[in-house]
Amino acid sequence: MGIAGNLTAEQLDFFNVNGYLVVESFSGSEEIKEMRDRMEELLNGFDGSYSSIFSTTNQQHTDAYFFESAEKISFFFEVLGTAWLSLSDLLGTSKFPSLNERDEDHVSVVTVVDCREKAFGDDGCLKQPKELSINKVGHALHELDPVFKKFSTSDKLLGMLFSLDYKKPVVIQSMYIFKQPGIGGEVTPHQDNSFLYTDPPSCTGLWLALEDATINNGCLWAIPGSHKNGLKRRFIRDENGVHFDEPSPSYDQKDFVPLEVKEGALVVIHGDLIHQSFENKSSKSRHALSLHVVETQEREWAKDNWIQRKVDPVPLYAR
């Protein structure tokens, strides 16, 4: 197989104790530029002015389309992001969206609005250029786009998963997150295993900073060691739609520490780690690429996860 682990014993110890790890300079400036340039090309390839305002209380025909984004490259416009808990972090919007769509070769456009949204005016037109109004792009960049696929299958990323003792890992979703200046929404405290559950749990988040992430522009915050307390709740998809199986726990903000990182740093996140980010109220964006990986060997993908793919993802390697 030829894959070798690339995390040191000290790094693994830190991760096991704290539930996260910052790997500085994981990606160089050339690789970051390639991904940012490619995302600019993708944004230029769709008509961002084609948008409509829908009531978020009317979700007719929304669920099926949105669930299908798991195997497509979809665009989500920015909203305030203070409602519906941490669904914004994993599904691309603060409330389950209403939408209009254009589906061409797996590329689709979703327009997300509510009474507090920031990207659109009352007339349904964008208030600013589309490249400053996009929230996220996902959830299959790692499969369908060659530039992002190259990063997602790189030797250095596989070596990290090897170090974390993954036997037959798959990337289950990918997102390019923009955290736009002035309108980038809050992501409330959550655990990634809530949304991407295997039995037993196996999710790891890989969060690559494509720009410097600071307290001012909405960096990640985490509660060190919180992964040791187990999974608090799950996000369920059933005949009634989608919902959490338990109410949201309350957290003391004094327990969170900021994870300020430089461009190129990778934050490795345990699936049970409590983490969040605040609104970007600065004049600078905070671009990031987020991948979520799960184990497939001796694990069962939950049939009531929001992601239910038609085609199983291909393992990154097997050992």
# chains A, B, ... in the order shown; residues from 1 in each chain; ligands from 1
$ residues_around --residues "Leu43 (chain A)" --least-positions-apart "6" --cutoff "12 Å" --atoms "only C-alpha atoms" --output "MDAnalysis selection string"
chainID A and resid 36:37 49 73:77 107:109 129:137 176 178
$ write_last_selection --atoms "C-alpha atoms" --output "short mmCIF file (atom, residue, chain, number, x, y, z; two decimals), in the first residue's frame"
data_model
loop_
_atom_site.label_atom_id
_atom_site.label_comp_id
_atom_site.auth_asym_id
_atom_site.auth_seq_id
_atom_site.Cartn_x
_atom_site.Cartn_y
_atom_site.Cartn_z
CA ARG A 36 -8.87 29.21 -4.26
CA ASP A 37 -8.44 29.83 -7.98
CA SER A 49 -28.04 36.68 -9.80
CA ILE A 73 -21.37 20.34 -6.02
CA SER A 74 -23.98 22.79 -4.70
CA PHE A 75 -23.82 26.50 -3.91
CA PHE A 76 -25.41 28.01 -0.80
CA PHE A 77 -25.90 31.73 -0.27
CA VAL A 107 -23.58 21.32 -10.24
CA SER A 108 -26.59 22.93 -8.59
CA VAL A 109 -27.54 26.26 -7.11
CA PRO A 129 -21.38 40.41 -5.81
CA LYS A 130 -22.09 36.69 -5.67
CA GLU A 131 -18.50 35.91 -4.65
CA LEU A 132 -19.13 37.93 -1.47
CA SER A 133 -22.58 36.40 -0.89
CA ILE A 134 -21.80 32.68 -1.03
CA ASN A 135 -21.82 30.82 2.27
CA LYS A 136 -20.46 27.42 1.27
CA VAL A 137 -20.00 25.04 -1.62
CA TYR A 176 -15.54 25.11 0.83
CA PHE A 178 -16.25 31.34 2.84
#
$ residues_around --residues "Lys150 (chain A)" --least-positions-apart "6" --cutoff "12 Å" --atoms "only C-alpha atoms" --output "compact mmCIF listing (two decimals) with C-alpha atoms, in the first residue's frame"
# COMPACT_ATOMS: atom_id res chain seq x y z
CA GLU A 31 -1.62 24.43 -3.24
CA GLU A 34 -4.77 26.35 -6.75
CA MET A 35 -7.84 25.57 -4.63
CA LEU A 141 -16.02 18.57 -4.12
CA HIS A 142 -13.65 15.79 -3.06
CA GLU A 143 -15.24 13.42 -5.59
CA LEU A 144 -16.30 15.55 -8.52
CA LYS A 156 0.02 13.69 3.28
CA LEU A 157 -3.69 13.48 4.07
CA LEU A 158 -3.72 9.69 3.79
CA LEU A 316 -9.10 6.22 0.31
$ closest_residue --among "A:Gly28, A:Gly205, A:Gly264, A:Gly2" --to "Gln173 (chain A)" --atoms "only C-alpha atoms"
A:Gly205
$ select_by_dssp --residues "region 112-318 of chain A" --states "alpha helix (DSSP H)" --output "list in words"
Leu141, His142, Glu143, Leu144, Pro146, Val147, Phe148, Lys149, Lys150, Phe151, Ser152, Asp155, Lys156, Leu157, Leu158, Gly159, Met160, Leu161, Phe162 and Ser163 of chain A
$ write_last_selection --atoms "N, CA and C atoms" --output "short mmCIF file (atom, residue, chain, number, x, y, z; two decimals), in the first residue's frame"
data_model
loop_
_atom_site.label_atom_id
_atom_site.label_comp_id
_atom_site.auth_asym_id
_atom_site.auth_seq_id
_atom_site.Cartn_x
_atom_site.Cartn_y
_atom_site.Cartn_z
N LEU A 141 -17.18 18.02 -3.44
CA LEU A 141 -16.02 18.57 -4.12
C LEU A 141 -14.90 17.54 -4.20
N HIS A 142 -14.74 16.77 -3.14
CA HIS A 142 -13.65 15.79 -3.06
C HIS A 142 -13.80 14.67 -4.08
N GLU A 143 -14.99 14.47 -4.61
CA GLU A 143 -15.24 13.42 -5.59
C GLU A 143 -15.30 13.94 -7.01
N LEU A 144 -15.92 15.10 -7.19
CA LEU A 144 -16.30 15.55 -8.52
C LEU A 144 -15.39 16.61 -9.12
N PRO A 146 -11.49 17.86 -9.84
CA PRO A 146 -10.13 17.30 -9.82
C PRO A 146 -9.17 18.01 -8.87
N VAL A 147 -9.31 19.32 -8.72
CA VAL A 147 -8.39 20.04 -7.83
C VAL A 147 -8.62 19.65 -6.38
N PHE A 148 -9.86 19.63 -5.95
CA PHE A 148 -10.16 19.28 -4.57
C PHE A 148 -9.99 17.77 -4.33
N LYS A 149 -10.21 16.98 -5.35
CA LYS A 149 -9.96 15.55 -5.23
C LYS A 149 -8.48 15.27 -5.02
N LYS A 150 -7.64 16.02 -5.69
CA LYS A 150 -6.20 15.83 -5.55
C LYS A 150 -5.76 16.07 -4.11
N PHE A 151 -6.28 17.11 -3.49
CA PHE A 151 -5.94 17.36 -2.09
C PHE A 151 -6.50 16.27 -1.19
N SER A 152 -7.75 15.87 -1.45
CA SER A 152 -8.44 14.92 -0.58
C SER A 152 -7.86 13.52 -0.64
N ASP A 155 -1.05 12.11 -0.50
CA ASP A 155 -0.29 11.23 0.39
C ASP A 155 -0.24 11.79 1.81
N LYS A 156 -0.10 13.11 1.94
CA LYS A 156 0.02 13.69 3.28
C LYS A 156 -1.28 13.55 4.06
N LEU A 157 -2.42 13.65 3.38
CA LEU A 157 -3.69 13.48 4.07
C LEU A 157 -3.91 12.01 4.42
N LEU A 158 -3.59 11.12 3.50
CA LEU A 158 -3.72 9.69 3.79
C LEU A 158 -2.79 9.27 4.92
N GLY A 159 -1.59 9.86 4.95
CA GLY A 159 -0.66 9.54 6.03
C GLY A 159 -1.18 9.98 7.38
N MET A 160 -1.89 11.09 7.42
CA MET A 160 -2.48 11.54 8.67
C MET A 160 -3.56 10.58 9.14
N LEU A 161 -4.42 10.15 8.21
CA LEU A 161 -5.48 9.20 8.58
C LEU A 161 -4.88 7.87 9.01
N PHE A 162 -3.78 7.48 8.38
CA PHE A 162 -3.08 6.26 8.77
C PHE A 162 -2.59 6.39 10.21
N SER A 163 -2.05 7.56 10.56
CA SER A 163 -1.59 7.80 11.92
C SER A 163 -2.73 7.73 12.92
#
$ atom_distance --atom1 "CA of His292 (chain A)" --atom2 "CA of Glu260 (chain A)"
20.3 Å
$ closest_atom_pairs --of "region 190-226 of chain A" --to "region 247-253 of chain A" --cutoff "12 Å" --atoms "only C-alpha atoms" --output "Markdown table"
| residue | atom | partner | partner_atom | distance |
| --- | --- | --- | --- | --- |
| A:His190 | CA | A:Ser248 | CA | 8.8 |
| A:Gln191 | CA | A:Ser248 | CA | 11.0 |
| A:Ser194 | CA | A:Ser248 | CA | 11.3 |
| A:Trp221 | CA | A:Gln253 | CA | 9.6 |
| A:Ala222 | CA | A:Gln253 | CA | 9.6 |
| A:Ile223 | CA | A:Gln253 | CA | 8.9 |
| A:Ser226 | CA | A:Tyr251 | CA | 10.8 |
$ residues_around --residues "Glu246 (chain A)" --least-positions-apart "3" --cutoff "12 Å" --atoms "only C-alpha atoms" --output "count of residues only"
9
